[in-house]
Amino acid sequence: MRIRFAASLAIALTACGGGGGSGGSSTPPTPTATQISVSLTREIDVAQGVTGIIWDISVKTNGVGIDTATVTVNGKNVPLKAGFVSGNYWLEYGDNGVNVWGDATYVPGTDYTVRVDMGAGVVYSDTLRAPGGFTVDPAITSVAWAHSGNVASVLVYHLFGADTYTSATLGPNPPSPIAIPASAYPTADTYELSAMVQNKKWPPGAYPGNGYFDTLVGPDTYFYVQDGYVKRVTK
């Protein structure tokens with residue numbers, strides 16, 4: 001599956017701590033000892049007939065991965081990813097049109113509550129609504145989503161080639177639909193359209209370079225829910 005910009009944009013946003021809101025505190029916060037990062041993502045590749053969902057949660061205290069936490073999403077257990085980086089909890093779902101595997105879910109418009117029980121009565125929990133649910137008009141001149149987030153973007157590129165159109169990173173209330181100009185398809189060729197909408201925790205007064213989950217804050221903390229979509233276009 002080749003949702004080219006969606007993953008890279010998500011990484012960029014989580015790394016910089018921006019994109020989800022405006023303004024911010026002028027004083028950087030003191031990072032909490034515990035850092036929790038959460039990404040709940042779906043990627044649909046219409047051309048290849050593949051859907052993938054990943055719940056990816058990392059738990060650290062003082063920079064050390066914690067393998068003893070109990071992690072759930074909407075009450076469903078997210079197991080420790082054995083043999084991987086310490087403190088990484090992972091659940092997935094895949095459907096390639098032949099086989100279906102995994103238990104992770106992604107339903108646009110649904111609230112997802114992530115709960116991390118550290119033991120000894122220490123629990124962190126936070127909730128975000130899943131954005132997305134894409135539709136594309138028959139002429140491939142616009143893309144829309146049923147449930148908005150606070151960041152969105154659209155990319156068109158030659159299949160196995162250069163980008164031909166990139167929308168601005170839209171937020172904090174990205175409009176839907178987004179029009180795709182005719183110049184996105186400059187020649188007769190095969191293109192791919194890749195769209196992403198993300199809902200990220202970004203509270204008022206948030207400081208760039210940091211992310212947020214429950215009461216936690218710091219460079220290794222973030223929480224976002226993201227839908228991605230790819231459609232092949234022949235012109």
# chains A, B, ... in the order shown; residues from 1 in each chain; ligands from 1
call {"tool": "select_by_dssp", "arguments": {"residues": "region 2-157 of chain A", "states": "alpha helix (DSSP H)", "output": "count of residues only"}}
result
13
call {"tool": "residues_around", "arguments": {"residues": "Thr32 (chain A)", "least_positions_apart": "4", "cutoff": "9 Å", "atoms": "only C-alpha atoms", "output": "VMD selection string"}}
result
chain A and resid 61 to 62 215 to 218
call {"tool": "atom_distance", "arguments": {"atom1": "CA of Ile53 (chain A)", "atom2": "CA of Thr41 (chain A)"}}
result
5.6 Å
call {"tool": "closest_residue", "arguments": {"among": "A:Val225, A:Ala184, A:Val50, A:Val73", "to": "Lys200 (chain A)", "atoms": "only C-alpha atoms"}}
result
A:Val225
call {"tool": "residues_around", "arguments": {"residues": "region 122-133 of chain A", "least_positions_apart": "2", "cutoff": "6 Å", "atoms": "only C-alpha atoms", "output": "NGL selection string"}}
result
:A and (108-120 or 145-149 or 197 or 214 or 225 or 227)
call {"tool": "write_last_selection", "arguments": {"atoms": "N, CA and C atoms", "output": "CSV table (one decimal), in the first residue's frame"}}
result
chain,number,residue,atom,x,y,z
A,108,PRO,N,-14.9,5.9,10.9
A,108,PRO,CA,-15.0,7.4,11.0
A,108,PRO,C,-16.3,7.8,11.8
A,109,GLY,N,-16.1,8.9,12.6
A,109,GLY,CA,-17.2,9.4,13.4
A,109,GLY,C,-17.3,8.7,14.8
A,110,THR,N,-16.5,7.7,15.0
A,110,THR,CA,-16.5,7.0,16.3
A,110,THR,C,-15.5,7.6,17.3
A,111,ASP,N,-15.8,7.7,18.5
A,111,ASP,CA,-14.9,8.1,19.6
A,111,ASP,C,-14.0,6.9,20.0
A,112,TYR,N,-12.7,7.2,20.0
A,112,TYR,CA,-11.8,6.1,20.4
A,112,TYR,C,-11.1,6.6,21.7
A,113,THR,N,-11.3,5.8,22.8
A,113,THR,CA,-10.7,6.0,24.1
A,113,THR,C,-9.5,5.1,24.3
A,114,VAL,N,-8.4,5.7,24.5
A,114,VAL,CA,-7.1,4.9,24.8
A,114,VAL,C,-6.9,5.0,26.3
A,115,ARG,N,-6.7,3.8,26.9
A,115,ARG,CA,-6.5,3.8,28.3
A,115,ARG,C,-5.2,3.0,28.6
A,116,VAL,N,-4.3,3.6,29.4
A,116,VAL,CA,-3.0,3.0,29.7
A,116,VAL,C,-2.9,2.9,31.2
A,117,ASP,N,-3.0,1.7,31.7
A,117,ASP,CA,-2.9,1.4,33.1
A,117,ASP,C,-1.4,1.0,33.5
A,118,MET,N,-0.8,1.9,34.2
A,118,MET,CA,0.6,1.7,34.6
A,118,MET,C,0.8,0.8,35.8
A,119,GLY,N,-0.3,0.5,36.5
A,119,GLY,CA,-0.2,-0.2,37.7
A,119,GLY,C,-0.1,0.7,38.9
A,120,ALA,N,-0.3,0.2,40.1
A,120,ALA,CA,-0.3,1.0,41.3
A,120,ALA,C,-1.3,2.2,41.3
A,145,TRP,N,-14.6,14.3,2.8
A,145,TRP,CA,-14.7,13.3,3.9
A,145,TRP,C,-15.9,13.6,4.7
A,146,ALA,N,-16.5,12.6,5.3
A,146,ALA,CA,-17.7,12.7,6.1
A,146,ALA,C,-17.5,13.3,7.5
A,147,HIS,N,-16.3,13.0,8.0
A,147,HIS,CA,-16.0,13.5,9.4
A,147,HIS,C,-14.7,14.2,9.4
A,148,SER,N,-14.7,15.4,9.9
A,148,SER,CA,-13.5,16.3,9.8
A,148,SER,C,-12.6,16.1,10.9
A,149,GLY,N,-11.4,16.5,10.7
A,149,GLY,CA,-10.3,16.5,11.8
A,149,GLY,C,-9.8,17.9,11.9
A,197,VAL,N,-6.9,12.9,6.4
A,197,VAL,CA,-7.4,13.8,7.3
A,197,VAL,C,-7.1,13.2,8.7
A,214,ASP,N,-3.7,13.0,27.7
A,214,ASP,CA,-4.2,13.1,29.1
A,214,ASP,C,-3.5,14.3,29.7
A,225,VAL,N,-5.6,10.4,15.5
A,225,VAL,CA,-6.4,9.4,14.8
A,225,VAL,C,-6.5,9.9,13.3
A,227,ASP,N,-7.2,9.0,9.0
A,227,ASP,CA,-7.7,8.2,7.9
A,227,ASP,C,-7.0,8.6,6.6
call {"tool": "atom_distance", "arguments": {"atom1": "CA of Met196 (chain A)", "atom2": "CA of Asp137 (chain A)"}}
result
16.2 Å
call {"tool": "residues_around", "arguments": {"residues": "Val98 (chain A)", "least_positions_apart": "2", "cutoff": "10 Å", "atoms": "only C-alpha atoms", "output": "PyMOL selection string"}}
result
chain A and resi 49-50+95-96+100
call {"tool": "atom_distance", "arguments": {"atom1": "CA of Tyr207 (chain A)", "atom2": "CA of Asp56 (chain A)"}}
result
23.5 Å
call {"tool": "closest_residue", "arguments": {"among": "A:Leu193, A:Val230, A:Val143, A:Val154", "to": "Pro177 (chain A)", "atoms": "only C-alpha atoms"}}
result
A:Val143
call {"tool": "select_by_dssp", "arguments": {"residues": "chain A", "states": "strand (DSSP E or B)", "output": "PyMOL selection string"}}
result
chain A and resi 34-45+50-61+64-65+70-73+76-77+80+88-95+100-102+111-119+122-129+132-136+142-147+151-158+163-166+170+178-179+190-200+211-213+216-218+222-234
call {"tool": "residues_around", "arguments": {"residues": "Val38 (chain A)", "least_positions_apart": "6", "cutoff": "8 Å", "atoms": "only C-alpha atoms", "output": "list in words"}}
result
Trp55, Asp56, Ile57, Ser58, Thr221, Tyr222, Phe223 and Tyr224 of chain A
call {"tool": "residues_around", "arguments": {"residues": "Ile54 (chain A)", "least_positions_apart": "5", "cutoff": "10 Å", "atoms": "only C-alpha atoms", "output": "list in words"}}
result
Ser39, Leu40, Thr41, Arg42, Glu43, Trp90, Leu91, Glu92, Tyr93, Gly94, Gly102, Asp103, Ala104, Thr105 and Tyr106 of chain A
call {"tool": "closest_residue", "arguments": {"among": "A:Ala33, A:Ala182, A:Ala195, A:Val85", "to": "Ala144 (chain A)", "atoms": "only C-alpha atoms"}}
result
A:Ala195
call {"tool": "closest_residue", "arguments": {"among": "A:Ala188, A:Val156, A:Ile44, A:Ala69", "to": "Gly228 (chain A)", "atoms": "only C-alpha atoms"}}
result
A:Ile44
